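Coordinates as given in data-v2.csv (CSV, C-alpha atoms and all ligand atoms):
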```csv
chain,number,residue,atom,x,y,z
A,1,MET,CA,0.0,0.0,0.0
A,2,ALA,CA,1.0,3.6,-0.5
A,3,GLU,CA,3.0,4.8,2.5
A,4,GLN,CA,2.0,7.8,4.4
A,5,GLY,CA,4.2,10.7,3.5
A,6,GLU,CA,5.3,9.1,0.3
A,7,ARG,CA,7.3,11.7,-1.6
A,8,ARG,CA,5.0,13.5,-4.0
A,9,GLU,CA,7.5,15.6,-5.9
A,10,GLY,CA,7.2,15.1,-9.6
A,11,TYR,CA,3.6,14.1,-9.6
A,12,SER,CA,1.2,16.1,-11.7
A,13,GLU,CA,-2.0,17.7,-10.2
A,14,ILE,CA,-4.1,15.1,-12.1
A,15,THR,CA,-2.1,12.2,-10.6
A,16,LEU,CA,-2.4,13.6,-7.1
A,17,ASP,CA,-6.1,14.2,-7.6
A,18,HIS,CA,-6.7,10.6,-8.7
A,19,PHE,CA,-4.6,9.3,-5.8
A,20,GLU,CA,-6.4,11.4,-3.2
A,21,HIS,CA,-9.9,10.9,-4.7
A,22,PRO,CA,-9.8,7.5,-6.5
A,23,ARG,CA,-12.6,6.9,-9.0
A,24,ASN,CA,-14.4,3.6,-9.4
A,25,SER,CA,-12.4,1.6,-6.9
A,26,GLY,CA,-13.9,-1.6,-5.5
A,27,VAL,CA,-15.4,-4.8,-6.7
A,28,LEU,CA,-17.6,-5.0,-9.8
A,29,GLU,CA,-20.0,-7.8,-8.9
A,30,ASN,CA,-21.3,-8.4,-12.4
A,31,ALA,CA,-18.0,-8.1,-14.2
A,32,THR,CA,-17.8,-9.9,-17.6
A,33,ALA,CA,-14.0,-9.5,-17.9
A,34,VAL,CA,-11.3,-9.4,-15.3
A,35,GLY,CA,-7.6,-8.6,-15.8
A,36,TYR,CA,-5.0,-9.4,-13.1
A,37,MET,CA,-1.5,-8.0,-13.3
A,38,THR,CA,1.5,-7.9,-10.9
A,39,ASN,CA,4.3,-5.5,-11.8
A,40,PRO,CA,7.5,-7.4,-12.0
A,41,VAL,CA,9.5,-4.3,-11.2
A,42,CYS,CA,8.0,-3.6,-7.7
A,43,GLY,CA,5.2,-6.2,-7.0
A,44,ASP,CA,2.3,-3.7,-7.1
A,45,THR,CA,-0.9,-5.4,-8.2
A,46,LEU,CA,-4.0,-4.4,-10.1
A,47,VAL,CA,-7.2,-6.3,-10.6
A,48,LEU,CA,-9.3,-4.6,-13.3
A,49,MET,CA,-13.0,-5.6,-13.6
A,50,LEU,CA,-15.0,-4.6,-16.6
A,51,ARG,CA,-18.7,-5.0,-17.5
A,52,ILE,CA,-18.9,-5.3,-21.3
A,53,GLU,CA,-22.2,-4.9,-23.1
A,54,ASP,CA,-22.7,-4.9,-26.8
A,55,ASP,CA,-18.9,-4.7,-27.4
A,56,ARG,CA,-18.6,-1.6,-25.3
A,57,ILE,CA,-17.2,-1.2,-21.8
A,58,ALA,CA,-20.2,-0.1,-19.7
A,59,GLU,CA,-18.4,0.0,-16.4
A,60,ALA,CA,-14.9,-0.5,-14.9
A,61,ARG,CA,-13.8,-1.0,-11.3
A,62,TRP,CA,-10.5,-1.9,-9.8
A,63,GLN,CA,-8.6,-3.0,-6.8
A,64,SER,CA,-4.9,-2.2,-6.4
A,65,ASP,CA,-2.3,-2.8,-3.8
A,66,GLY,CA,0.4,-0.4,-4.7
A,67,CYS,CA,2.0,3.0,-4.6
A,68,ALA,CA,0.4,6.4,-5.3
A,69,ALA,CA,1.2,6.2,-9.0
A,70,SER,CA,-0.4,2.8,-9.5
A,71,LEU,CA,-3.5,3.8,-7.6
A,72,ALA,CA,-3.8,7.0,-9.7
A,73,ALA,CA,-3.1,5.1,-12.9
A,74,SER,CA,-5.8,2.5,-12.0
A,75,SER,CA,-8.3,5.3,-11.2
A,76,LEU,CA,-7.6,7.2,-14.4
A,77,LEU,CA,-7.7,4.0,-16.5
A,78,SER,CA,-11.2,3.2,-15.1
A,79,GLU,CA,-12.4,6.6,-16.4
A,80,LEU,CA,-10.5,6.3,-19.7
A,81,VAL,CA,-12.1,3.0,-20.7
A,82,ALA,CA,-15.7,3.7,-19.6
A,83,GLY,CA,-17.9,4.0,-22.7
A,84,LYS,CA,-15.2,2.8,-25.1
A,85,SER,CA,-15.7,0.1,-27.7
A,86,LEU,CA,-13.5,-3.0,-27.3
A,87,SER,CA,-11.4,-1.9,-30.3
A,88,GLU,CA,-11.0,1.6,-28.9
A,89,ALA,CA,-10.0,0.2,-25.5
A,90,SER,CA,-7.5,-2.2,-27.1
A,91,GLU,CA,-5.7,0.8,-28.5
A,92,ILE,CA,-5.0,2.4,-25.1
A,93,THR,CA,-1.3,2.2,-24.5
A,94,ARG,CA,0.8,2.9,-21.5
A,95,GLU,CA,1.9,6.1,-23.1
A,96,ALA,CA,-1.7,7.2,-23.3
A,97,VAL,CA,-2.1,6.5,-19.6
A,98,VAL,CA,1.0,8.6,-18.8
A,99,GLU,CA,-0.2,11.4,-21.0
A,100,ALA,CA,-3.7,11.4,-19.5
A,101,LEU,CA,-2.1,11.5,-16.0
A,102,GLY,CA,-0.1,14.6,-17.0
A,103,GLY,CA,3.1,12.7,-16.8
A,104,LEU,CA,4.7,10.5,-14.2
A,105,PRO,CA,8.1,10.7,-12.4
A,106,ALA,CA,10.6,8.5,-14.3
A,107,SER,CA,10.9,6.1,-11.4
A,108,LYS,CA,7.1,5.5,-11.5
A,109,LEU,CA,6.6,5.2,-15.3
A,110,HIS,CA,6.2,1.4,-14.8
A,111,ALA,CA,2.9,2.1,-13.0
A,112,SER,CA,1.4,2.9,-16.4
A,113,VAL,CA,2.6,-0.5,-17.7
A,114,LEU,CA,0.7,-2.1,-14.9
A,115,ALA,CA,-2.6,-0.3,-15.8
A,116,ALA,CA,-2.3,-0.9,-19.6
A,117,ASP,CA,-1.3,-4.5,-19.1
A,118,ALA,CA,-4.2,-5.2,-16.8
A,119,LEU,CA,-6.5,-3.7,-19.4
A,120,HIS,CA,-5.1,-5.8,-22.2
A,121,HIS,CA,-5.2,-8.9,-20.0
A,122,ALA,CA,-8.9,-8.3,-19.3
A,123,LEU,CA,-9.7,-7.8,-23.0
A,124,ALA,CA,-7.8,-10.9,-24.0
A,125,GLU,CA,-9.6,-13.0,-21.4
A,126,TYR,CA,-12.9,-11.6,-22.6
A,127,GLU,CA,-12.1,-12.6,-26.2
A,128,LYS,CA,-11.0,-16.0,-25.1
A,129,LYS,CA,-14.2,-16.5,-23.2
A,130,ARG,CA,-16.3,-15.4,-26.1
A,131,GLU,CA,-14.5,-17.6,-28.5
A,132,GLY,CA,-14.5,-20.6,-26.2
B,1,LIG,S1,6.1,1.2,-7.1
B,1,LIG,FE1,4.0,1.5,-7.8
B,1,LIG,S2,3.8,0.6,-9.8
B,1,LIG,FE2,5.8,0.1,-9.0
```

Serialized structure, structure tokens:
Amino acid sequence: MAEQGERREGYSEITLDHFEHPRNSGVLENATAVGYMTNPVCGDTLVLMLRIEDDRIAEARWQSDGCAASLAASSLLSELVAGKSLSEASEITREAVVEALGGLPASKLHASVLAADALHHALAEYEKKREG
């Protein structure tokens, strides 16, 4: 979990706002796709739950055990994907997450990988389920 007093230098206002006021955190009971990811760099984790209806992401929720950057990236991602079609969501890159956060300190850039990878994992699992 993010430590109290974690150094905040280098974080954008957007990142700090998402960290302090996380959006859409919690469990999505009727999720139709779930992505799990552990960041190999630091061990931070993210579970991303999506409710997909008519090939569109109707709702996203998440649970994360990680630093301020990973919480903020998860929160932002949940807003970024809501309402997107599956093909639009599949084009969301880690660079897009960083850009939407207003940048991240270099030492925390890997938090965007965690968010983007969890999204792509969820979408891949959904496709697998649909095909299977
Ligand atoms: S320390 Fe938070 S994503 Fe790595």

Close residues, Tyr11 in chain A itself excluded, 7 Å, all atoms listed in the file, min 3 positions apart in chain, as a ChimeraX atom specification: /A:8,15-16,104-105

Interface rows for chain A against ligand LIG 1 (chain B): nearest pair, Å to one decimal, 6 Å, all atoms listed in the file, as a tab-separated table:
```
residue	atom	partner	partner_atom	distance
A:Cys42	CA	B:LIG1	FE2	4.5
A:Asp44	CA	B:LIG1	S2	5.3
A:Gly66	CA	B:LIG1	FE1	5.1
A:Cys67	CA	B:LIG1	FE1	4.1
A:Ala69	CA	B:LIG1	FE1	5.6
A:Ser70	CA	B:LIG1	S2	4.8
A:His110	CA	B:LIG1	S2	5.6
A:Ala111	CA	B:LIG1	S2	3.6
```

Expected file contents, prior selection, C-alpha atoms, as a PDB file, in the frame of the given file:
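out_30.pdb, freshly written:
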```pdb
ATOM      1  CA  CYS A  42       8.000  -3.600  -7.700  1.00  0.00           C
ATOM      2  CA  ASP A  44       2.300  -3.700  -7.100  1.00  0.00           C
ATOM      3  CA  GLY A  66       0.400  -0.400  -4.700  1.00  0.00           C
ATOM      4  CA  CYS A  67       2.000   3.000  -4.600  1.00  0.00           C
ATOM      5  CA  ALA A  69       1.200   6.200  -9.000  1.00  0.00           C
ATOM      6  CA  SER A  70      -0.400   2.800  -9.500  1.00  0.00           C
ATOM      7  CA  HIS A 110       6.200   1.400 -14.800  1.00  0.00           C
ATOM      8  CA  ALA A 111       2.900   2.100 -13.000  1.00  0.00           C
TER       9      ALA A 111
END
```

Could you jot down the CA of Trp62 in chain A to CA of Lys128 in chain A separation for me, Å, one decimal place? 20.8 Å

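The coordinates place CA of Asp54 in chain A at 28.5 Å from CA of Leu101 in chain A.
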
Separating CA of Ala115 in chain A from CA of Thr93 in chain A, to the nearest tenth of an Å, is a gap of 9.1 Å

Name all residues at most 10 Å from Glu13 in chain A (count all atoms listed in the file; drop same-chain ones fewer than 6 positions away) and give them as a ChimeraX atom specification. /A:19,101-103

Measuring between all atoms listed in the file, which one of A:Asn39, A:Ser112, A:Thr32, A:Ser107 shows the shortest distance to Ala73 in chain A? A:Ser112

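The residue set within 10 Å of Leu50 in chain A, counting all atoms listed in the file and dropping same-chain residues fewer than 6 places from it, reads Val27, Leu28, Glu29, Asn30, Ala31, Thr32, Ala33, Val34, Gly35, Arg56, Ile57, Ala58, Glu59, Ala60, Arg61, Trp62, Ser78, Val81, Ala82, Leu119, Ala122, Leu123 and Tyr126 of chain A.
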
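The nearest approach to Ser64 in chain A among the residues A:Ala106, A:Val98, A:Val47, A:Met37, with all atoms listed in the file taken into account, belongs to A:Val47.
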
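Distances to Glu79 in chain A were evaluated for A:Ala100, A:Lys108, A:Asp55, A:Thr38 using all atoms listed in the file, and the minimum falls at A:Ala100.
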
Which centre and which edge lengths, in Å to one decimal, describe the axis-aligned box that holds all listed atoms of range 101-120 of chain A after 5 Å is added on each side, as JSON?
```
{"center_x": 2.2, "center_y": 4.4, "center_z": -16.8, "size_x": 27.4, "size_y": 30.4, "size_z": 20.8}
```

Could you please fill out range 67-98 of chain A with N, CA and C atoms and send it back as a compact mmCIF listing (two decimals), keeping the file's coordinate frame?
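The file below, rebuild08.txt, is the result:
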```txt
# COMPACT_ATOMS: atom_id res chain seq x y z
N CYS A 67 1.52 1.69 -4.98
CA CYS A 67 2.00 3.00 -4.60
C CYS A 67 0.96 4.08 -5.16
N ALA A 68 1.25 5.33 -4.87
CA ALA A 68 0.40 6.40 -5.30
C ALA A 68 0.22 6.41 -6.83
N ALA A 69 1.30 6.17 -7.54
CA ALA A 69 1.20 6.20 -9.00
C ALA A 69 0.36 5.06 -9.53
N SER A 70 0.46 3.88 -8.94
CA SER A 70 -0.40 2.80 -9.50
C SER A 70 -1.83 2.98 -9.12
N LEU A 71 -2.12 3.55 -7.95
CA LEU A 71 -3.50 3.80 -7.60
C LEU A 71 -4.07 4.90 -8.56
N ALA A 72 -3.30 5.93 -8.81
CA ALA A 72 -3.80 7.00 -9.70
C ALA A 72 -3.95 6.48 -11.12
N ALA A 73 -3.01 5.64 -11.59
CA ALA A 73 -3.10 5.10 -12.90
C ALA A 73 -4.34 4.19 -13.06
N SER A 74 -4.63 3.43 -12.01
CA SER A 74 -5.80 2.50 -12.00
C SER A 74 -7.08 3.36 -12.07
N SER A 75 -7.13 4.39 -11.25
CA SER A 75 -8.30 5.30 -11.20
C SER A 75 -8.52 5.93 -12.55
N LEU A 76 -7.45 6.47 -13.09
CA LEU A 76 -7.60 7.20 -14.40
C LEU A 76 -7.99 6.18 -15.48
N LEU A 77 -7.40 5.00 -15.46
CA LEU A 77 -7.70 4.00 -16.50
C LEU A 77 -9.23 3.67 -16.45
N SER A 78 -9.78 3.58 -15.25
CA SER A 78 -11.20 3.20 -15.10
C SER A 78 -12.08 4.28 -15.78
N GLU A 79 -11.63 5.53 -15.75
CA GLU A 79 -12.40 6.60 -16.40
C GLU A 79 -12.14 6.58 -17.93
N LEU A 80 -10.89 6.27 -18.26
CA LEU A 80 -10.50 6.30 -19.70
C LEU A 80 -11.24 5.24 -20.49
N VAL A 81 -11.48 4.07 -19.91
CA VAL A 81 -12.10 3.00 -20.70
C VAL A 81 -13.61 3.03 -20.70
N ALA A 82 -14.20 3.69 -19.72
CA ALA A 82 -15.70 3.70 -19.60
C ALA A 82 -16.29 4.26 -20.87
N GLY A 83 -17.19 3.50 -21.48
CA GLY A 83 -17.90 4.00 -22.70
C GLY A 83 -17.16 3.63 -23.98
N LYS A 84 -15.94 3.14 -23.87
CA LYS A 84 -15.20 2.80 -25.10
C LYS A 84 -15.62 1.49 -25.69
N SER A 85 -15.52 1.41 -27.02
CA SER A 85 -15.70 0.10 -27.70
C SER A 85 -14.53 -0.75 -27.37
N LEU A 86 -14.67 -2.05 -27.61
CA LEU A 86 -13.50 -3.00 -27.30
C LEU A 86 -12.34 -2.59 -28.21
N SER A 87 -12.58 -2.21 -29.46
CA SER A 87 -11.40 -1.90 -30.30
C SER A 87 -10.80 -0.58 -29.88
N GLU A 88 -11.59 0.38 -29.44
CA GLU A 88 -11.00 1.60 -28.90
C GLU A 88 -10.17 1.35 -27.68
N ALA A 89 -10.71 0.52 -26.79
CA ALA A 89 -10.00 0.20 -25.50
C ALA A 89 -8.70 -0.53 -25.81
N SER A 90 -8.73 -1.39 -26.84
CA SER A 90 -7.50 -2.20 -27.10
C SER A 90 -6.39 -1.29 -27.63
N GLU A 91 -6.71 -0.08 -28.04
CA GLU A 91 -5.70 0.80 -28.50
C GLU A 91 -5.07 1.70 -27.43
N ILE A 92 -5.57 1.56 -26.21
CA ILE A 92 -5.00 2.40 -25.10
C ILE A 92 -3.66 1.80 -24.71
N THR A 93 -2.67 2.64 -24.80
CA THR A 93 -1.30 2.20 -24.50
C THR A 93 -0.85 2.81 -23.17
N ARG A 94 0.29 2.33 -22.70
CA ARG A 94 0.80 2.90 -21.50
C ARG A 94 1.18 4.37 -21.63
N GLU A 95 1.59 4.72 -22.86
CA GLU A 95 1.90 6.10 -23.10
C GLU A 95 0.66 6.99 -23.00
N ALA A 96 -0.47 6.44 -23.43
CA ALA A 96 -1.70 7.20 -23.30
C ALA A 96 -2.10 7.40 -21.86
N VAL A 97 -1.83 6.39 -21.03
CA VAL A 97 -2.10 6.50 -19.60
C VAL A 97 -1.23 7.59 -18.98
N VAL A 98 0.06 7.57 -19.32
CA VAL A 98 1.00 8.60 -18.80
C VAL A 98 0.56 9.97 -19.22
```
